[in-house]
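Okay, model_33.csv now, which holds CSV, C-alpha atoms:
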chain,number,residue,atom,x,y,z
O,268,MET,CA,-2.8,-18.0,-8.3
O,269,ILE,CA,-1.8,-18.3,-11.9
O,270,ASP,CA,-1.0,-21.7,-13.2
O,271,GLU,CA,2.8,-21.4,-13.4
O,272,GLN,CA,3.3,-24.6,-15.3
O,273,ASN,CA,1.2,-23.3,-18.2
O,274,LEU,CA,2.7,-19.8,-18.2
O,275,ALA,CA,6.3,-20.3,-17.2
O,276,ALA,CA,7.6,-20.4,-20.8
O,277,GLU,CA,5.6,-17.4,-22.0
O,278,SER,CA,7.6,-14.3,-22.4
O,279,LEU,CA,7.9,-11.2,-24.7
O,280,ASP,CA,9.0,-13.4,-27.6
O,281,ASP,CA,6.2,-15.9,-27.2
O,282,ARG,CA,3.8,-15.0,-30.0
O,283,LEU,CA,1.3,-17.7,-28.9
O,284,PHE,CA,0.3,-15.9,-25.6
O,285,ASN,CA,-3.4,-16.5,-25.1
O,286,PRO,CA,-4.9,-15.5,-21.7
O,287,ALA,CA,-8.4,-16.8,-22.6
O,288,GLY,CA,-9.8,-19.6,-20.6
O,289,ARG,CA,-7.4,-19.6,-17.6
O,290,ASN,CA,-8.5,-19.2,-14.1
O,291,SER,CA,-8.1,-15.8,-12.6
O,292,PRO,CA,-7.3,-14.9,-9.0
O,293,PRO,CA,-10.5,-14.0,-7.2
O,294,HIS,CA,-8.8,-11.8,-4.6
O,295,ARG,CA,-7.5,-9.1,-6.8
O,296,THR,CA,-9.1,-6.1,-8.4
O,297,THR,CA,-7.9,-3.1,-10.3
O,298,GLY,CA,-8.3,0.0,-8.2
O,299,HIS,CA,-9.0,3.6,-8.9
O,300,PRO,CA,-6.1,6.1,-8.6
O,301,ILE,CA,-5.4,6.9,-5.0
O,302,VAL,CA,-6.2,10.6,-4.4
O,303,GLY,CA,-3.3,12.6,-2.9
O,304,TYR,CA,-0.9,9.7,-2.7
O,305,THR,CA,2.6,10.7,-3.8
O,306,LYS,CA,4.2,7.6,-5.4
O,307,MET,CA,7.9,7.0,-5.9
O,308,SER,CA,9.5,8.2,-9.1
O,309,ASP,CA,11.7,6.0,-11.2
O,310,GLY,CA,15.3,6.0,-9.9
O,311,VAL,CA,14.6,6.3,-6.2
O,312,ASP,CA,15.8,2.8,-5.6
O,313,MET,CA,18.8,1.1,-7.1
O,314,PHE,CA,18.3,-0.7,-10.4
O,315,ASP,CA,21.2,-2.8,-11.7
O,316,CYS,CA,20.8,-3.2,-15.4
O,317,ARG,CA,24.3,-4.6,-16.0
O,318,GLN,CA,23.0,-8.1,-16.2
O,319,GLU,CA,21.0,-7.5,-19.3
O,320,MET,CA,21.2,-4.4,-21.4
O,321,VAL,CA,18.0,-4.2,-23.4
O,322,ILE,CA,18.0,-1.7,-26.3
O,323,MET,CA,14.5,-1.2,-27.9
O,324,ASP,CA,13.3,1.1,-30.6
O,325,ASP,CA,9.9,2.7,-30.3
O,326,GLU,CA,8.1,-0.1,-32.1
O,327,ARG,CA,9.6,-2.7,-29.8
O,328,ILE,CA,8.8,-0.6,-26.7
O,329,ASP,CA,5.2,-0.4,-27.8
O,330,GLU,CA,5.2,-4.2,-28.3
O,331,PHE,CA,6.6,-4.6,-24.8
O,332,ARG,CA,3.9,-2.4,-23.3
O,333,ALA,CA,1.2,-4.4,-25.1
O,334,HIS,CA,2.7,-7.7,-23.8
O,335,VAL,CA,2.8,-6.4,-20.3
O,336,GLU,CA,-0.8,-5.3,-20.6
O,337,ARG,CA,-1.8,-8.8,-21.7
O,338,CYS,CA,0.1,-10.3,-18.8
O,339,MET,CA,-1.6,-7.9,-16.4
O,340,PHE,CA,-5.1,-8.9,-17.6
O,341,GLN,CA,-4.3,-12.5,-16.9
O,342,ALA,CA,-2.5,-11.9,-13.6
O,343,CYS,CA,-5.3,-9.7,-12.3
O,344,GLY,CA,-8.1,-11.8,-13.7
O,345,THR,CA,-10.0,-8.9,-15.1
O,346,ASP,CA,-11.4,-7.7,-18.5
O,347,GLU,CA,-10.5,-4.0,-17.7
O,348,LEU,CA,-7.4,-2.3,-16.2
O,349,VAL,CA,-7.6,1.1,-14.6
O,350,VAL,CA,-4.8,3.5,-15.5
O,351,ASP,CA,-4.0,6.3,-13.1
O,352,ALA,CA,-2.7,9.8,-13.9
O,353,ASP,CA,0.9,8.5,-13.9
O,354,GLY,CA,0.1,5.9,-16.4
O,355,ASP,CA,0.4,3.1,-13.8
O,356,TRP,CA,-1.9,0.2,-13.1
O,357,PRO,CA,-3.1,0.4,-9.5
O,358,ILE,CA,-4.0,-3.0,-8.1
O,359,ASP,CA,-6.0,-3.8,-5.0
O,360,VAL,CA,-4.7,-7.0,-3.4
O,361,ARG,CA,-7.2,-7.7,-0.6
O,362,GLY,CA,-7.1,-4.1,0.5
O,363,THR,CA,-3.4,-3.5,-0.1
O,364,ASP,CA,-2.5,-1.1,-3.0
O,365,VAL,CA,0.2,-2.2,-5.4
O,366,TYR,CA,1.2,-0.3,-8.6
O,367,VAL,CA,2.6,-1.7,-11.8
O,368,ARG,CA,4.5,0.6,-14.2
O,369,VAL,CA,6.2,0.1,-17.6
O,370,SER,CA,9.3,2.2,-17.6
O,371,THR,CA,12.1,2.9,-20.1
O,372,ASP,CA,14.6,4.5,-17.6
O,373,PRO,CA,17.4,3.5,-17.7
O,374,VAL,CA,16.3,0.5,-19.8
O,375,PRO,CA,12.9,-0.9,-20.6
O,376,HIS,CA,11.5,-2.8,-17.6
O,377,VAL,CA,8.4,-3.3,-15.4
O,378,HIS,CA,8.3,-1.7,-12.0
O,379,VAL,CA,6.1,-3.3,-9.3
O,380,PHE,CA,5.9,-1.2,-6.1
O,381,GLY,CA,3.8,-0.1,-3.2
O,382,CYS,CA,4.1,2.2,-0.2
O,383,ILE,CA,4.2,-0.1,2.8
O,384,ALA,CA,4.8,2.5,5.6
O,385,THR,CA,4.8,6.2,6.2
O,386,ALA,CA,6.5,8.5,8.7
O,387,VAL,CA,9.3,6.1,9.4
O,388,SER,CA,12.5,7.5,10.9
O,389,GLU,CA,16.1,7.0,9.7
O,390,GLN,CA,16.6,4.6,12.7
O,391,ALA,CA,14.8,2.0,10.6
O,392,LEU,CA,17.5,1.8,8.0
O,393,ALA,CA,19.3,-1.0,9.7
O,394,GLU,CA,16.1,-3.0,10.0
O,395,ILE,CA,15.3,-2.3,6.4
O,396,ASN,CA,18.8,-3.6,5.4
O,397,HIS,CA,18.2,-6.7,7.4
O,398,LEU,CA,14.8,-7.3,5.8
O,399,ASN,CA,16.3,-6.8,2.3
O,400,ALA,CA,18.9,-9.5,3.0
O,401,VAL,CA,16.1,-12.1,3.4
O,402,MET,CA,13.7,-10.9,0.8
O,403,ASN,CA,13.6,-12.6,-2.6
O,404,TRP,CA,10.8,-10.9,-4.5
O,405,ALA,CA,11.2,-7.2,-3.7
O,406,LYS,CA,13.5,-4.7,-1.9
O,407,LEU,CA,12.6,-2.0,0.6
O,408,VAL,CA,13.6,1.6,0.2
O,409,ARG,CA,13.1,4.5,2.6
O,410,THR,CA,12.5,7.9,0.9
O,411,ASP,CA,13.6,11.3,2.2
O,412,THR,CA,10.0,11.9,3.4
O,413,GLY,CA,9.9,8.8,5.5
O,414,GLU,CA,7.9,6.5,3.3
O,415,VAL,CA,9.0,2.9,2.9
O,416,ILE,CA,8.5,1.5,-0.6
O,417,ALA,CA,8.5,-2.2,-1.5
O,418,SER,CA,10.0,-2.3,-5.1
O,419,GLN,CA,10.8,-4.8,-7.7
O,420,ARG,CA,11.9,-4.2,-11.3
O,421,LEU,CA,11.6,-6.9,-14.0
O,422,LEU,CA,13.6,-6.9,-17.2
O,423,PRO,CA,11.7,-7.9,-20.4
O,424,ALA,CA,12.9,-11.5,-20.5
O,425,ALA,CA,11.4,-12.1,-17.1
O,426,VAL,CA,8.0,-10.7,-17.7
O,427,ASN,CA,5.1,-13.1,-18.0
O,428,ALA,CA,1.8,-13.4,-16.2
O,429,ALA,CA,3.0,-15.9,-13.6
O,430,VAL,CA,6.0,-13.7,-12.6
O,431,LEU,CA,3.8,-10.5,-12.4
O,432,ASP,CA,1.2,-12.4,-10.3
O,433,GLN,CA,3.9,-13.6,-7.9
O,434,THR,CA,5.6,-10.2,-7.7
O,435,ILE,CA,2.3,-8.3,-7.1
O,436,GLU,CA,1.4,-10.8,-4.4
O,437,ALA,CA,4.9,-10.5,-2.8
O,438,VAL,CA,4.8,-6.7,-2.6
O,439,ALA,CA,1.3,-6.9,-1.0
O,440,ASN,CA,2.5,-9.4,1.5
O,441,TYR,CA,5.6,-7.4,2.4
O,442,SER,CA,3.3,-4.4,2.9
O,443,ARG,CA,1.1,-6.3,5.4
O,444,ASP,CA,3.9,-8.1,7.1
O,445,CYS,CA,6.6,-5.4,7.3
O,446,GLY,CA,4.7,-2.1,7.2
O,447,PRO,CA,3.0,-2.3,10.6
O,448,LEU,CA,6.3,-3.4,12.2
O,449,LEU,CA,8.2,-0.4,10.8
O,450,GLU,CA,5.5,2.1,11.6
O,451,ALA,CA,5.1,0.8,15.2
O,452,VAL,CA,8.8,0.5,16.1
O,453,TYR,CA,10.4,3.3,14.0
O,454,ALA,CA,7.7,5.9,13.9
O,455,ASP,CA,9.2,9.4,13.2
O,456,SER,CA,8.5,11.4,16.3
O,457,THR,CA,10.4,14.6,15.2
O,458,ASP,CA,7.1,16.4,14.8
O,459,ASP,CA,5.8,15.5,18.2
O,460,THR,CA,5.3,18.4,20.6
O,461,THR,CA,4.6,18.4,24.3
O,462,GLY,CA,1.0,18.4,25.4
O,463,ARG,CA,-2.0,16.3,24.8
O,464,THR,CA,-1.3,14.7,21.4
O,465,THR,CA,-1.6,11.1,20.1
O,466,PRO,CA,1.8,9.4,20.6
O,467,ALA,CA,3.7,8.5,17.4
O,468,MET,CA,3.8,4.9,18.6
O,469,ILE,CA,0.9,3.4,20.6
O,470,THR,CA,1.4,0.0,22.2
O,471,SER,CA,-1.0,0.3,25.1
O,472,LEU,CA,-3.8,2.6,26.2
O,473,PRO,CA,-5.2,3.8,29.6
O,474,GLU,CA,-8.3,2.0,30.8
O,475,ASN,CA,-10.6,4.7,29.3
O,476,GLY,CA,-8.6,5.0,26.1
O,477,ILE,CA,-9.9,4.3,22.6
O,478,PHE,CA,-7.7,3.8,19.6
O,479,VAL,CA,-9.2,5.6,16.6
O,480,PHE,CA,-8.0,4.2,13.2
O,481,GLY,CA,-8.9,4.1,9.5
O,482,SER,CA,-10.7,1.1,8.1
O,483,GLY,CA,-10.7,-0.3,4.6
O,484,LYS,CA,-13.8,-1.3,2.6
O,485,SER,CA,-13.5,-5.0,3.5
O,486,ALA,CA,-12.6,-4.2,7.1
O,487,ASN,CA,-10.2,-7.1,7.3
O,488,HIS,CA,-7.8,-4.9,9.4
O,489,SER,CA,-4.7,-6.6,7.9
O,490,GLY,CA,-2.2,-3.7,7.8
O,491,GLY,CA,-1.0,-0.6,9.5
O,492,ALA,CA,-3.0,1.0,12.3
O,493,ALA,CA,-6.0,-1.3,11.5
O,494,ARG,CA,-3.9,-4.4,12.1
O,495,LEU,CA,-2.7,-2.9,15.4
O,496,ALA,CA,-6.3,-2.1,16.4
O,497,HIS,CA,-7.3,-5.7,15.7
O,498,GLU,CA,-4.4,-7.3,17.5
O,499,ARG,CA,-4.2,-5.1,20.5
O,500,PHE,CA,-7.4,-3.0,21.0
O,501,GLY,CA,-10.4,-5.2,20.1
O,502,ALA,CA,-11.2,-4.2,16.6
O,503,GLU,CA,-13.3,-6.9,14.9
O,504,ARG,CA,-12.7,-8.0,11.3
O,505,GLY,CA,-15.7,-7.3,9.1
O,506,VAL,CA,-16.7,-4.3,11.3
O,507,GLY,CA,-15.5,-1.1,9.5
O,508,ALA,CA,-17.1,1.6,11.5
O,509,GLY,CA,-17.8,2.5,15.2
O,510,LEU,CA,-16.7,1.3,18.6
O,511,ARG,CA,-15.4,-2.2,19.3
O,512,GLY,CA,-13.4,-3.0,22.4
O,513,HIS,CA,-10.9,-0.2,22.9
O,514,SER,CA,-11.0,0.8,19.2
O,515,TYR,CA,-13.1,3.0,17.0
O,516,ALA,CA,-13.1,2.4,13.2
O,517,ILE,CA,-13.5,5.2,10.7
O,518,PRO,CA,-14.0,4.1,7.1
O,519,THR,CA,-11.5,5.9,4.8
O,520,MET,CA,-11.6,4.1,1.5
O,521,SER,CA,-15.1,5.2,0.2
O,522,GLY,CA,-14.2,8.7,-0.9
O,523,PHE,CA,-13.6,11.9,0.9
O,524,LEU,CA,-17.2,12.9,1.3
O,525,ALA,CA,-17.9,9.5,3.0
O,526,LEU,CA,-14.9,10.1,5.3
O,527,GLN,CA,-16.2,13.6,6.1
O,528,SER,CA,-19.5,12.1,7.2
O,529,ALA,CA,-17.9,9.3,9.2
O,530,VAL,CA,-15.7,11.8,11.0
O,531,ALA,CA,-18.7,13.9,11.8
O,532,SER,CA,-20.4,10.8,13.3
O,533,PHE,CA,-17.3,10.1,15.3
O,534,ILE,CA,-17.2,13.6,16.8
O,535,GLN,CA,-20.9,13.3,17.8
O,536,PHE,CA,-20.2,10.0,19.4
O,537,ALA,CA,-17.1,11.3,21.3
O,538,SER,CA,-19.0,14.3,22.5
O,539,ALA,CA,-21.6,12.0,24.0
O,540,ARG,CA,-18.9,9.9,25.8
O,541,PRO,CA,-16.8,12.4,27.8
O,542,GLU,CA,-15.6,9.6,30.1
O,543,LEU,CA,-13.6,8.1,27.3
O,544,ASP,CA,-10.4,9.5,25.7
O,545,PHE,CA,-10.1,9.0,22.0
O,546,TYR,CA,-6.6,8.7,20.5
O,547,VAL,CA,-6.9,9.6,16.8
O,548,THR,CA,-4.2,8.2,14.5
O,549,ARG,CA,-3.2,9.8,11.2
O,550,LEU,CA,-6.0,8.0,9.5
O,551,GLY,CA,-6.7,8.5,5.8
O,552,CYS,CA,-3.2,9.7,5.1
O,553,GLY,CA,-1.6,6.3,4.2
O,554,HIS,CA,-3.2,3.8,1.8
O,555,ALA,CA,-6.3,6.0,1.5
O,556,GLY,CA,-4.1,8.8,0.1
O,557,TYR,CA,-5.7,11.9,1.3
O,558,GLU,CA,-3.7,15.1,2.1
O,559,GLU,CA,-3.0,15.2,5.8
O,560,GLY,CA,-4.1,18.8,6.0
O,561,ALA,CA,-7.5,18.0,4.5
O,562,VAL,CA,-8.0,15.2,7.0
O,563,ALA,CA,-6.8,17.2,10.0
O,564,ALA,CA,-9.3,19.9,9.1
O,565,LEU,CA,-12.2,17.4,9.5
O,566,PHE,CA,-11.1,17.1,13.2
O,567,ALA,CA,-10.9,20.8,13.8
O,568,LEU,CA,-13.9,21.0,16.1
O,569,THR,CA,-13.5,18.1,18.4
O,570,PRO,CA,-14.4,17.9,22.1
O,571,PRO,CA,-11.6,17.9,24.7
O,572,ASN,CA,-11.6,14.1,25.1
O,573,VAL,CA,-10.4,13.7,21.5
O,574,ILE,CA,-6.6,13.5,21.4
O,575,LYS,CA,-5.1,14.2,18.0
O,576,PRO,CA,-1.8,13.7,16.3
O,577,ALA,CA,0.8,16.5,16.6
O,578,GLY,CA,0.1,19.2,14.1
O,579,TRP,CA,-3.6,18.5,13.9
I'd like the structure from this file rewritten - as structure tokens, please.
Amino acid sequence: MIDEQNLAAESLDDRLFNPAGRNSPPHRTTGHPIVGYTKMSDGVDMFDCRQEMVIMDDERIDEFRAHVERCMFQACGTDELVVDADGDWPIDVRGTDVYVRVSTDPVPHVHVFGCIATAVSEQALAEINHLNAVMNWAKLVRTDTGEVIASQRLLPAAVNAAVLDQTIEAVANYSRDCGPLLEAVYADSTDDTTGRTTPAMITSLPENGIFVFGSGKSANHSGGAARLAHERFGAERGVGAGLRGHSYAIPTMSGFLALQSAVASFIQFASARPELDFYVTRLGCGHAGYEEGAVAALFALTPPNVIKPAGW
């Protein structure tokens, strides 16, 4: 973590900001833009700017952006920051994606956010309100499409490397701690149809059932379906592909061609094990960011013992 004692006093007006020589967090890397991931637009969550109205001309806004960038270098412990197509900095915090954006709407501020859950029904709103009541570093917002976003906005006077570091870490922690709960308990089942499809919420499996999930590069299985696979169905941390216990891991974070190859290997494996039923989750459609239709197409020619999500 950042040395808060050294950085606490540094802000936009501190002309002596010097990130050189400080220790950087070893767990954080800048990530490449997530293909196909629809991020929230500014204004989707409530932003109360009444506490501090900040009016900046173009020169001051440029200065603010430069200050935020310097803070980001220090908070991420890197010499290079990746910028995605939206102009945001995507940050990988131990396999969890967090985004940092400099925005001027309605006033200049820094927006730190991440998608922590997908396909969550409106029944989760009461739980989201409860979580927001006890959260200090971010608030949760459910979008009209069922995504749940952890979001925090920082006004210029609050922006320094220590605060950015803490906020990025908090959003990542909320993703790991709250996302799996919301997806497991409040999964939106409105698209479910009768027949042999993967249930929207899986808490147990038949004796011959195998839980098929998407695994990250580090295979730490700390969030979403991967966490459920580890906690309930025998997935092993550090093992990012293949059968373990009652789970089968498919790596999703190494590019679409790699995913295509991994799915082909899975289909070959499932064909050779007709005594097992494989329950495929909507892998690759969350943090990995692929279009659901493109992933579903990879599973078009599966044997009868592969049970797929509704619509696949």
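Going from CA of Gln535 in chain O over to CA of Ala564 in chain O, you cover 15.9 Å.
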Can you pull out every residue within 8 Å of Thr519 in chain O, counting all atoms listed in the file, but drop anything in the same chain fewer than 4 positions away, and send it as a PyMOL selection string? chain O and resi 481-484+523+525-526+550-551+555
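Between CA of Trp356 in chain O and CA of Arg327 in chain O the interatomic distance comes to 20.5 Å.
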Can you measure CA of Leu568 in chain O to CA of Gly512 in chain O for me? One decimal in Å is fine.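 CA of Gly512 in chain O lies at a distance of 24.8 Å from CA of Leu568 in chain O.
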Please provide the set of residues having any atom within 12 Å of Asn475 in chain O, restricted to only C-alpha atoms, with same-chain residues fewer than 5 positions apart removed, written as a list in words. Phe500, Gly512, His513, Ser514, Arg540, Pro541, Glu542, Leu543, Asp544, Phe545, Tyr546, Asn572 and Val573 of chain O
I need the residue nearest Thr465 in chain O from this list: O:Val349, O:Ala333, O:Ala577, O:Ala493. Use all atoms listed in the file for the distance.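 Closest to Thr465 in chain O, using all atoms listed in the file: O:Ala577.
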Residue neighbourhood Trp404 in chain O, 10 Å, only C-alpha atoms, exclusion window fewer than 4 positions, as a list in words: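 Contacts, with the query itself left out: Asn399, Ala417, Ser418, Gln419, Arg420, Val430, Gln433, Thr434, Ile435, Glu436, Ala437, Val438 and Tyr441 of chain O.
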Kindly indicate which residue among O:Gly344, O:Gly491, O:Gly505, O:Gly354 lies nearest to Ala429 in chain O, using only C-alpha atoms for the distances.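 Closest to Ala429 in chain O, using only C-alpha atoms: O:Gly344.
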So, with only C-alpha atoms as the atoms that count, which of O:Gly362, O:Pro423, O:Gly413, O:Gly381 lies closest to Met323 in chain O? O:Pro423
From O:Thr363, O:Thr464, O:Ser388, O:Thr345, residue lying nearest Thr548 in chain O [all atoms listed in the file]: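 When distances to Thr548 in chain O are compared using all atoms listed in the file, the smallest one comes from O:Thr464.
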Tell me which protein, DNA and RNA residues are within 7 Å of Glu450 in chain O, counting all atoms listed in the file, leaving out same-chain ones fewer than 4 positions away, and put them as a CSV table (one decimal) with C-alpha atoms, in the frame of the given file.
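The result, written out as out_34.csv:
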chain,number,residue,atom,x,y,z
O,384,ALA,CA,4.8,2.5,5.6
O,385,THR,CA,4.8,6.2,6.2
O,387,VAL,CA,9.3,6.1,9.4
O,446,GLY,CA,4.7,-2.1,7.2
O,454,ALA,CA,7.7,5.9,13.9
In terms of only C-alpha atoms, the residue from O:Pro576, O:Pro373, O:Pro357, O:Gly522 at minimal distance from Phe478 in chain O is O:Pro576
Quick one: of O:Val377, O:Val547, O:Ala561, O:Ser485, who's nearest to Asn427 in chain O, counting only C-alpha atoms?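 Smallest separation from Asn427 in chain O among the options: O:Val377.
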Residues within 8 Å of (0.0, -5.4, 26.9), file coords, only C-alpha atoms, listed as a list in words: Thr470, Ser471 and Arg499 of chain O
